[in-house]
file input_12.csv (CSV, C-alpha atoms)
chain,number,residue,atom,x,y,z
E,1,MET,CA,38.0,-42.8,11.0
E,2,ASN,CA,40.6,-40.1,11.4
E,3,GLU,CA,42.1,-39.4,8.0
E,4,LYS,CA,44.3,-36.5,9.2
E,5,LYS,CA,47.9,-37.3,8.4
E,6,PHE,CA,49.6,-35.2,11.0
E,7,THR,CA,48.2,-35.8,14.5
E,8,ILE,CA,48.8,-35.5,18.2
E,9,THR,CA,47.0,-38.1,20.2
E,10,ASP,CA,46.6,-39.0,23.9
E,11,GLN,CA,45.8,-42.6,23.0
E,12,PRO,CA,48.2,-45.5,22.2
E,13,ILE,CA,49.4,-45.3,18.6
E,14,ASN,CA,48.3,-48.0,16.1
E,15,VAL,CA,51.2,-48.4,13.7
E,16,GLU,CA,49.2,-50.1,11.0
E,17,THR,CA,46.7,-47.2,10.9
E,18,ILE,CA,49.6,-44.8,10.2
E,19,ILE,CA,51.0,-47.0,7.5
E,20,GLN,CA,47.7,-47.3,5.8
E,21,LYS,CA,47.6,-43.5,5.4
E,22,VAL,CA,50.6,-43.6,3.0
E,23,VAL,CA,49.8,-46.7,1.0
E,24,HIS,CA,49.7,-45.8,-2.7
E,25,PRO,CA,49.9,-47.7,-6.0
E,26,HIS,CA,52.9,-45.7,-7.1
E,27,ALA,CA,54.9,-46.6,-3.9
E,28,GLY,CA,57.5,-49.3,-4.0
E,29,ALA,CA,58.6,-48.7,-0.4
E,30,ILE,CA,57.0,-47.8,2.9
E,31,ASN,CA,59.5,-46.8,5.6
E,32,THR,CA,58.2,-46.8,9.2
E,33,PHE,CA,60.0,-45.2,12.0
E,34,ILE,CA,58.8,-46.0,15.5
E,35,GLY,CA,60.2,-44.0,18.4
E,36,THR,CA,59.8,-45.7,21.8
E,37,VAL,CA,60.4,-44.8,25.4
E,38,ARG,CA,63.9,-45.7,26.5
E,39,GLU,CA,64.6,-46.8,30.1
E,40,LEU,CA,68.3,-45.8,30.3
E,41,THR,CA,69.7,-42.4,29.3
E,42,HIS,CA,73.3,-41.9,30.1
E,43,GLY,CA,73.0,-44.6,32.8
E,44,LYS,CA,70.0,-43.0,34.5
E,45,ARG,CA,67.0,-45.1,34.9
E,46,THR,CA,63.7,-43.6,33.7
E,47,LEU,CA,60.5,-44.9,35.4
E,48,TYR,CA,58.1,-43.3,32.9
E,49,LEU,CA,57.7,-40.2,30.7
E,50,GLU,CA,55.2,-37.5,30.3
E,51,TYR,CA,54.8,-35.7,27.0
E,52,GLU,CA,53.1,-32.3,26.7
E,53,ALA,CA,52.3,-30.5,23.4
E,54,TYR,CA,51.0,-27.2,22.1
E,55,VAL,CA,48.6,-29.4,20.2
E,56,VAL,CA,47.2,-27.0,17.5
E,57,MET,CA,50.7,-25.7,16.7
E,58,ALA,CA,52.3,-29.1,16.9
E,59,GLU,CA,49.9,-30.5,14.3
E,60,ARG,CA,50.6,-27.5,12.1
E,61,LYS,CA,54.4,-28.0,12.4
E,62,LEU,CA,54.1,-31.7,11.6
E,63,SER,CA,52.1,-30.8,8.6
E,64,GLN,CA,54.8,-28.3,7.6
E,65,ILE,CA,57.4,-31.1,7.8
E,66,GLY,CA,55.2,-33.0,5.4
E,67,LYS,CA,55.2,-30.1,3.0
E,68,GLU,CA,59.0,-29.8,3.3
E,69,ILE,CA,59.3,-33.5,2.5
E,70,LYS,CA,57.0,-33.0,-0.6
E,71,GLN,CA,59.3,-30.3,-1.8
E,72,LYS,CA,62.4,-32.5,-1.5
E,73,TRP,CA,60.8,-35.8,-2.5
E,74,PRO,CA,57.8,-34.8,-4.6
E,75,GLU,CA,56.4,-38.3,-4.9
E,76,ALA,CA,56.7,-39.1,-1.1
E,77,ARG,CA,53.6,-39.6,1.1
E,78,VAL,CA,54.0,-38.9,4.7
E,79,ALA,CA,51.9,-39.5,7.9
E,80,ILE,CA,53.1,-38.7,11.4
E,81,GLU,CA,51.5,-39.3,14.8
E,82,HIS,CA,52.9,-38.3,18.2
E,83,ARG,CA,51.5,-39.4,21.5
E,84,ILE,CA,51.3,-37.2,24.6
E,85,GLY,CA,50.4,-37.9,28.2
E,86,ARG,CA,52.0,-40.5,30.4
E,87,LEU,CA,54.1,-43.2,28.6
E,88,GLU,CA,55.7,-46.3,30.1
E,89,ILE,CA,59.0,-47.9,29.0
E,90,SER,CA,58.8,-49.2,25.5
E,91,ASP,CA,55.6,-47.4,24.7
E,92,ILE,CA,55.5,-45.9,21.3
E,93,ALA,CA,55.9,-42.1,21.4
E,94,VAL,CA,56.0,-41.3,17.7
E,95,VAL,CA,55.4,-43.1,14.3
E,96,ILE,CA,56.5,-41.7,11.0
E,97,ALA,CA,55.4,-43.5,7.8
E,98,VAL,CA,56.8,-42.5,4.4
E,99,SER,CA,56.0,-44.1,1.1
E,100,THR,CA,58.1,-43.4,-2.0
E,101,PRO,CA,58.5,-45.1,-5.4
E,102,HIS,CA,62.0,-46.2,-4.5
E,103,ARG,CA,63.4,-47.3,-1.2
E,104,ALA,CA,66.4,-44.9,-0.8
E,105,ASP,CA,64.1,-41.8,-0.7
E,106,SER,CA,61.8,-43.4,2.0
E,107,TYR,CA,64.8,-43.8,4.4
E,108,GLU,CA,66.1,-40.3,3.8
E,109,ALA,CA,62.7,-38.6,4.1
E,110,SER,CA,61.9,-40.5,7.3
E,111,ARG,CA,65.2,-39.4,8.8
E,112,TYR,CA,64.5,-35.9,7.8
E,113,ALA,CA,61.1,-36.0,9.5
E,114,ILE,CA,62.4,-37.1,12.9
E,115,GLU,CA,65.3,-34.6,12.9
E,116,ARG,CA,62.8,-31.8,12.1
E,117,ILE,CA,60.4,-32.9,14.8
E,118,LYS,CA,63.2,-32.5,17.3
E,119,GLU,CA,63.9,-28.9,16.0
E,120,ILE,CA,60.5,-27.3,15.4
E,121,VAL,CA,57.5,-29.2,16.8
E,122,PRO,CA,56.3,-27.9,20.2
E,123,ILE,CA,56.3,-31.1,22.1
E,124,TRP,CA,58.1,-31.6,25.5
E,125,LYS,CA,59.2,-34.6,27.4
E,126,LYS,CA,59.5,-34.9,31.2
E,127,GLU,CA,61.6,-37.7,32.5
E,128,HIS,CA,60.5,-39.2,35.8
E,129,TRP,CA,63.2,-41.1,37.8
E,130,GLU,CA,63.2,-42.8,41.2
E,131,ASN,CA,64.8,-39.7,42.7
E,132,GLY,CA,63.4,-36.8,40.7
E,133,GLN,CA,62.0,-35.5,37.5
E,134,MET,CA,63.1,-33.0,34.8
E,135,TRP,CA,61.7,-31.4,31.6
E,136,ILE,CA,64.0,-32.3,28.8
E,137,GLY,CA,64.8,-29.7,26.3
E,138,ASP,CA,68.1,-28.2,25.5
E,139,GLN,CA,70.1,-30.5,27.7
E,140,GLN,CA,73.5,-29.0,26.9
E,141,GLU,CA,72.1,-25.5,27.3
E,142,THR,CA,74.1,-24.5,24.2
E,143,THR,CA,71.2,-23.2,22.2
E,144,ALA,CA,69.8,-19.7,22.6
E,145,TYR,CA,67.2,-18.2,20.3
E,146,PRO,CA,67.9,-14.5,20.3
E,147,THR,CA,65.4,-13.9,17.5
E,148,GLY,CA,62.8,-16.1,19.1
E,149,LYS,CA,63.0,-18.6,16.2
E,150,PRO,CA,65.1,-21.7,15.8
E,151,GLU,CA,68.0,-21.2,13.4
E,152,GLY,CA,67.3,-22.1,9.8
E,153,LEU,CA,63.6,-22.1,10.3
E,154,GLU,CA,61.4,-21.8,7.3
E,155,ASN,CA,58.0,-20.3,7.8
E,156,ASP,CA,55.2,-21.7,5.8
Z,1,MET,CA,42.8,-9.0,25.5
Z,2,ILE,CA,45.8,-11.0,24.4
Z,3,LYS,CA,46.3,-14.6,25.4
Z,4,ILE,CA,49.7,-15.7,26.8
Z,5,LEU,CA,50.5,-19.4,26.6
Z,6,MET,CA,53.3,-21.2,28.5
Z,7,PHE,CA,54.4,-24.8,28.4
Z,8,ALA,CA,56.5,-27.5,30.1
Z,9,GLY,CA,59.1,-26.3,32.6
Z,10,LEU,CA,58.2,-22.6,32.0
Z,11,ALA,CA,54.5,-23.3,32.9
Z,12,GLU,CA,55.6,-25.1,36.0
Z,13,LYS,CA,57.9,-22.3,37.1
Z,14,CYS,CA,55.1,-19.8,36.7
Z,15,ASN,CA,52.4,-22.2,37.9
Z,16,LYS,CA,50.3,-21.1,34.9
Z,17,HIS,CA,49.6,-22.4,31.4
Z,18,GLU,CA,47.6,-19.5,30.3
Z,19,ILE,CA,47.3,-15.8,31.2
Z,20,LYS,CA,45.0,-13.1,29.9
Z,21,TYR,CA,46.9,-10.0,29.2
Z,22,ASP,CA,44.6,-7.0,29.4
Z,23,LYS,CA,45.8,-4.8,26.5
Z,24,GLN,CA,44.5,-4.0,23.1
Z,25,GLN,CA,47.9,-4.0,21.5
Z,26,SER,CA,51.4,-5.0,22.5
Z,27,THR,CA,54.7,-6.3,21.1
Z,28,VAL,CA,56.1,-9.6,22.1
Z,29,GLU,CA,59.0,-7.7,23.7
Z,30,GLU,CA,56.7,-5.7,26.0
Z,31,ILE,CA,54.8,-8.9,27.0
Z,32,LYS,CA,58.0,-10.6,27.8
Z,33,LYS,CA,59.2,-7.7,29.9
Z,34,TRP,CA,55.9,-7.8,31.8
Z,35,LEU,CA,56.2,-11.6,32.3
Z,36,LEU,CA,59.8,-11.2,33.6
Z,37,ASP,CA,58.4,-8.7,36.2
Z,38,GLN,CA,55.6,-11.0,37.2
Z,39,PHE,CA,57.6,-14.2,37.3
Z,40,PRO,CA,61.3,-13.4,38.1
Z,41,GLN,CA,61.7,-17.0,39.1
Z,42,ALA,CA,61.2,-18.0,35.5
Z,43,ALA,CA,63.7,-15.6,34.0
Z,44,GLU,CA,66.0,-18.3,32.7
Z,45,GLU,CA,63.2,-20.2,31.0
Z,46,LEU,CA,61.6,-17.0,29.6
Z,47,ASN,CA,64.9,-15.9,28.1
Z,48,ARG,CA,65.5,-19.3,26.4
Z,49,ALA,CA,62.0,-19.6,25.1
Z,50,MET,CA,61.1,-19.4,21.4
Z,51,ILE,CA,58.1,-17.3,20.4
Z,52,ALA,CA,55.0,-18.2,18.5
Z,53,VAL,CA,52.2,-15.7,17.6
Z,54,ASN,CA,48.9,-17.3,16.6
Z,55,GLU,CA,50.6,-20.7,16.3
Z,56,GLU,CA,53.4,-19.6,14.1
Z,57,TYR,CA,57.1,-18.9,15.0
Z,58,ALA,CA,57.6,-15.1,15.3
Z,59,ASP,CA,60.2,-12.7,16.6
Z,60,HIS,CA,60.2,-10.3,19.5
Z,61,GLN,CA,59.3,-7.3,17.4
Z,62,THR,CA,55.9,-8.8,16.3
Z,63,THR,CA,52.9,-6.7,17.3
Z,64,LEU,CA,49.9,-8.4,18.7
Z,65,HIS,CA,46.3,-7.1,18.8
Z,66,THR,CA,43.4,-8.1,20.9
Z,67,GLY,CA,42.3,-11.7,20.2
Z,68,ASP,CA,45.9,-12.8,19.3
Z,69,SER,CA,47.8,-15.3,21.2
Z,70,VAL,CA,51.5,-15.4,22.1
Z,71,ALA,CA,53.2,-18.7,23.2
Z,72,PHE,CA,56.5,-19.0,25.0
Z,73,ILE,CA,58.0,-22.2,23.8
Z,74,PRO,CA,60.8,-23.8,25.8
Z,75,PRO,CA,63.4,-25.8,23.8
Z,76,VAL,CA,61.4,-28.7,22.4
Z,77,SER,CA,62.1,-32.4,23.1
Z,78,GLY,CA,59.6,-34.5,21.0
Z,79,GLY,CA,60.3,-37.7,19.2

call {"tool": "encode", "arguments": {"input": "input_12.csv", "output": "structure tokens"}}
result
Amino acid sequence: MNEKKFTITDQPINVETIIQKVVHPHAGAINTFIGTVRELTHGKRTLYLEYEAYVVMAERKLSQIGKEIKQKWPEARVAIEHRIGRLEISDIAVVIAVSTPHRADSYEASRYAIERIKEIVPIWKKEHWENGQMWIGDQQETTAYPTGKPEGLEND
Amino acid sequence: MIKILMFAGLAEKCNKHEIKYDKQQSTVEEIKKWLLDQFPQAAEELNRAMIAVNEEYADHQTTLHTGDSVAFIPPVSGG
């Protein structure tokens, strides 16, 4: 059994497996975030998605997010899995499980994790529509990275 | 030899995911200039990309040696 807590997979994600990785006697709450493939984005109909990752680095960055959460919420336990490859509508793209002694921290840490994933983890999504396809990144084209690093990035 | 990695839309524009760069030592800046010469059609993507050296975010002044890898990372869209 794979006991790594921060993983990229090309297989369907089993939510229960991710939850089990954060079960702990000191926990009073387990918060599970499940990110799924949405059909409509700004009125445009997606047929399916393709995710690509720089796998080695993506797992390291997920693990870094875990460390950041440990610093902010020392008693939290975190597991994250992100799927890559072709995903259909409603398929699970990402699962974040966080356990903490009290519920408020589990919500906050989970939210922190998904926001950080969208900032620093090298994973890309390509939307396929009836009439075309596009890699999604910085859709507003407002972000430039003159130093090569995203703003506010903490190296581990 | 230095390994250059590219992803997503940038890899598609260059039609390559990986390039072997035949130098013993180079800065990210020099490698990026070389890529811009080789793949002018990908200039926009190259200029917007973040940099990672050996799987860690780095800046353009970073010096690489043989055996190192540099990745050009387009704006990410996971989750």

call {"tool": "residues_around", "arguments": {"input": "input_12.csv", "residues": "E:Trp73", "least_positions_apart": "3", "cutoff": "8 Å", "atoms": "only C-alpha atoms", "output": "list of chain:residue names"}}
result
E:Ile69, E:Lys70, E:Ala76, E:Asp105, E:Ala109

call {"tool": "write_last_selection", "arguments": {"input": "input_12.csv", "atoms": "C-alpha atoms", "output": "PDB file, in the coordinates of the input"}}
result
ATOM      1  CA  ILE E  69      59.300 -33.500   2.500  1.00  0.00           C
ATOM      2  CA  LYS E  70      57.000 -33.000  -0.600  1.00  0.00           C
ATOM      3  CA  ALA E  76      56.700 -39.100  -1.100  1.00  0.00           C
ATOM      4  CA  ASP E 105      64.100 -41.800  -0.700  1.00  0.00           C
ATOM      5  CA  ALA E 109      62.700 -38.600   4.100  1.00  0.00           C
TER       6      ALA E 109
END

call {"tool": "atom_distance", "arguments": {"input": "input_12.csv", "atom1": "atom CA of Z:Gly78", "atom2": "atom CA of Z:Ile31"}}
result
26.7 Å

call {"tool": "interface_residues", "arguments": {"input": "input_12.csv", "of": "chain Z", "to": "chain E", "cutoff": "10 Å", "atoms": "only C-alpha atoms", "output": "PyMOL selection string"}}
result
chain Z and resi 5-10+12+28+47-52+54-61+71-79

call {"tool": "residues_around", "arguments": {"input": "input_12.csv", "residues": "E:Tyr107", "least_positions_apart": "2", "cutoff": "9 Å", "atoms": "all atoms listed in the file", "output": "tab-separated table (two decimals) with C-alpha atoms, in the coordinates of the input"}}
result
chain	number	residue	atom	x	y	z
E	30	ILE	CA	57.00	-47.80	2.90
E	31	ASN	CA	59.50	-46.80	5.60
E	32	THR	CA	58.20	-46.80	9.20
E	98	VAL	CA	56.80	-42.50	4.40
E	103	ARG	CA	63.40	-47.30	-1.20
E	104	ALA	CA	66.40	-44.90	-0.80
E	105	ASP	CA	64.10	-41.80	-0.70
E	109	ALA	CA	62.70	-38.60	4.10
E	110	SER	CA	61.90	-40.50	7.30
E	111	ARG	CA	65.20	-39.40	8.80
E	112	TYR	CA	64.50	-35.90	7.80

call {"tool": "atom_distance", "arguments": {"input": "input_12.csv", "atom1": "atom CA of E:His102", "atom2": "atom CA of E:Ile65"}}
result
20.0 Å

call {"tool": "atom_distance", "arguments": {"input": "input_12.csv", "atom1": "atom CA of Z:Cys14", "atom2": "atom CA of Z:Val70"}}
result
15.7 Å

call {"tool": "closest_residue", "arguments": {"input": "input_12.csv", "among": "E:Asn14, E:Thr7, E:Ile19, E:Thr46", "to": "E:Ser90", "atoms": "only C-alpha atoms"}}
result
E:Thr46

call {"tool": "closest_residue", "arguments": {"input": "input_12.csv", "among": "Z:Leu64, Z:Ala43, Z:Lys3, Z:Lys16", "to": "Z:Glu30", "atoms": "only C-alpha atoms"}}
result
Z:Leu64

call {"tool": "residues_around", "arguments": {"input": "input_12.csv", "residues": "Z:Ser26", "least_positions_apart": "5", "cutoff": "12 Å", "atoms": "all atoms listed in the file", "output": "number ranges by chain"}}
result
Z: 1-4, 21, 31-34, 53, 60-70

call {"tool": "build_atoms", "arguments": {"input": "input_12.csv", "residues": "stretch 37-52 of chain Z", "atoms": "N, CA and C atoms", "output": "PDB file, in the coordinates of the input"}}
result
ATOM      1  N   ASP Z  37      58.763  -9.380  34.958  1.00  0.00           N
ATOM      2  CA  ASP Z  37      58.400  -8.700  36.200  1.00  0.00           C
ATOM      3  C   ASP Z  37      57.519  -9.535  37.090  1.00  0.00           C
ATOM      4  N   GLN Z  38      56.536 -10.197  36.442  1.00  0.00           N
ATOM      5  CA  GLN Z  38      55.600 -11.000  37.200  1.00  0.00           C
ATOM      6  C   GLN Z  38      56.186 -12.286  37.746  1.00  0.00           C
ATOM      7  N   PHE Z  39      57.082 -12.874  36.959  1.00  0.00           N
ATOM      8  CA  PHE Z  39      57.600 -14.200  37.300  1.00  0.00           C
ATOM      9  C   PHE Z  39      59.155 -14.186  37.249  1.00  0.00           C
ATOM     10  N   PRO Z  40      59.785 -13.438  38.163  1.00  0.00           N
ATOM     11  CA  PRO Z  40      61.300 -13.400  38.100  1.00  0.00           C
ATOM     12  C   PRO Z  40      61.903 -14.759  38.290  1.00  0.00           C
ATOM     13  N   GLN Z  41      61.187 -15.674  38.942  1.00  0.00           N
ATOM     14  CA  GLN Z  41      61.700 -17.000  39.100  1.00  0.00           C
ATOM     15  C   GLN Z  41      61.856 -17.804  37.838  1.00  0.00           C
ATOM     16  N   ALA Z  42      61.169 -17.322  36.783  1.00  0.00           N
ATOM     17  CA  ALA Z  42      61.200 -18.000  35.500  1.00  0.00           C
ATOM     18  C   ALA Z  42      62.030 -17.292  34.456  1.00  0.00           C
ATOM     19  N   ALA Z  43      62.910 -16.400  34.906  1.00  0.00           N
ATOM     20  CA  ALA Z  43      63.700 -15.600  34.000  1.00  0.00           C
ATOM     21  C   ALA Z  43      64.497 -16.418  32.996  1.00  0.00           C
ATOM     22  N   GLU Z  44      65.161 -17.453  33.536  1.00  0.00           N
ATOM     23  CA  GLU Z  44      66.000 -18.300  32.700  1.00  0.00           C
ATOM     24  C   GLU Z  44      65.174 -18.950  31.592  1.00  0.00           C
ATOM     25  N   GLU Z  45      64.034 -19.515  31.990  1.00  0.00           N
ATOM     26  CA  GLU Z  45      63.200 -20.200  31.000  1.00  0.00           C
ATOM     27  C   GLU Z  45      62.582 -19.222  30.001  1.00  0.00           C
ATOM     28  N   LEU Z  46      62.190 -18.047  30.480  1.00  0.00           N
ATOM     29  CA  LEU Z  46      61.600 -17.000  29.600  1.00  0.00           C
ATOM     30  C   LEU Z  46      62.657 -16.598  28.534  1.00  0.00           C
ATOM     31  N   ASN Z  47      63.891 -16.426  28.989  1.00  0.00           N
ATOM     32  CA  ASN Z  47      64.900 -15.900  28.100  1.00  0.00           C
ATOM     33  C   ASN Z  47      65.342 -16.992  27.059  1.00  0.00           C
ATOM     34  N   ARG Z  48      65.121 -18.263  27.389  1.00  0.00           N
ATOM     35  CA  ARG Z  48      65.500 -19.300  26.400  1.00  0.00           C
ATOM     36  C   ARG Z  48      64.339 -19.718  25.535  1.00  0.00           C
ATOM     37  N   ALA Z  49      63.153 -19.208  25.799  1.00  0.00           N
ATOM     38  CA  ALA Z  49      62.000 -19.600  25.100  1.00  0.00           C
ATOM     39  C   ALA Z  49      61.944 -19.081  23.632  1.00  0.00           C
ATOM     40  N   MET Z  50      61.436 -19.900  22.708  1.00  0.00           N
ATOM     41  CA  MET Z  50      61.100 -19.400  21.400  1.00  0.00           C
ATOM     42  C   MET Z  50      59.707 -18.772  21.482  1.00  0.00           C
ATOM     43  N   ILE Z  51      59.361 -18.002  20.452  1.00  0.00           N
ATOM     44  CA  ILE Z  51      58.100 -17.300  20.400  1.00  0.00           C
ATOM     45  C   ILE Z  51      57.219 -17.784  19.298  1.00  0.00           C
ATOM     46  N   ALA Z  52      55.933 -17.958  19.586  1.00  0.00           N
ATOM     47  CA  ALA Z  52      55.000 -18.200  18.500  1.00  0.00           C
ATOM     48  C   ALA Z  52      53.807 -17.238  18.672  1.00  0.00           C
TER      49      ALA Z  52
END
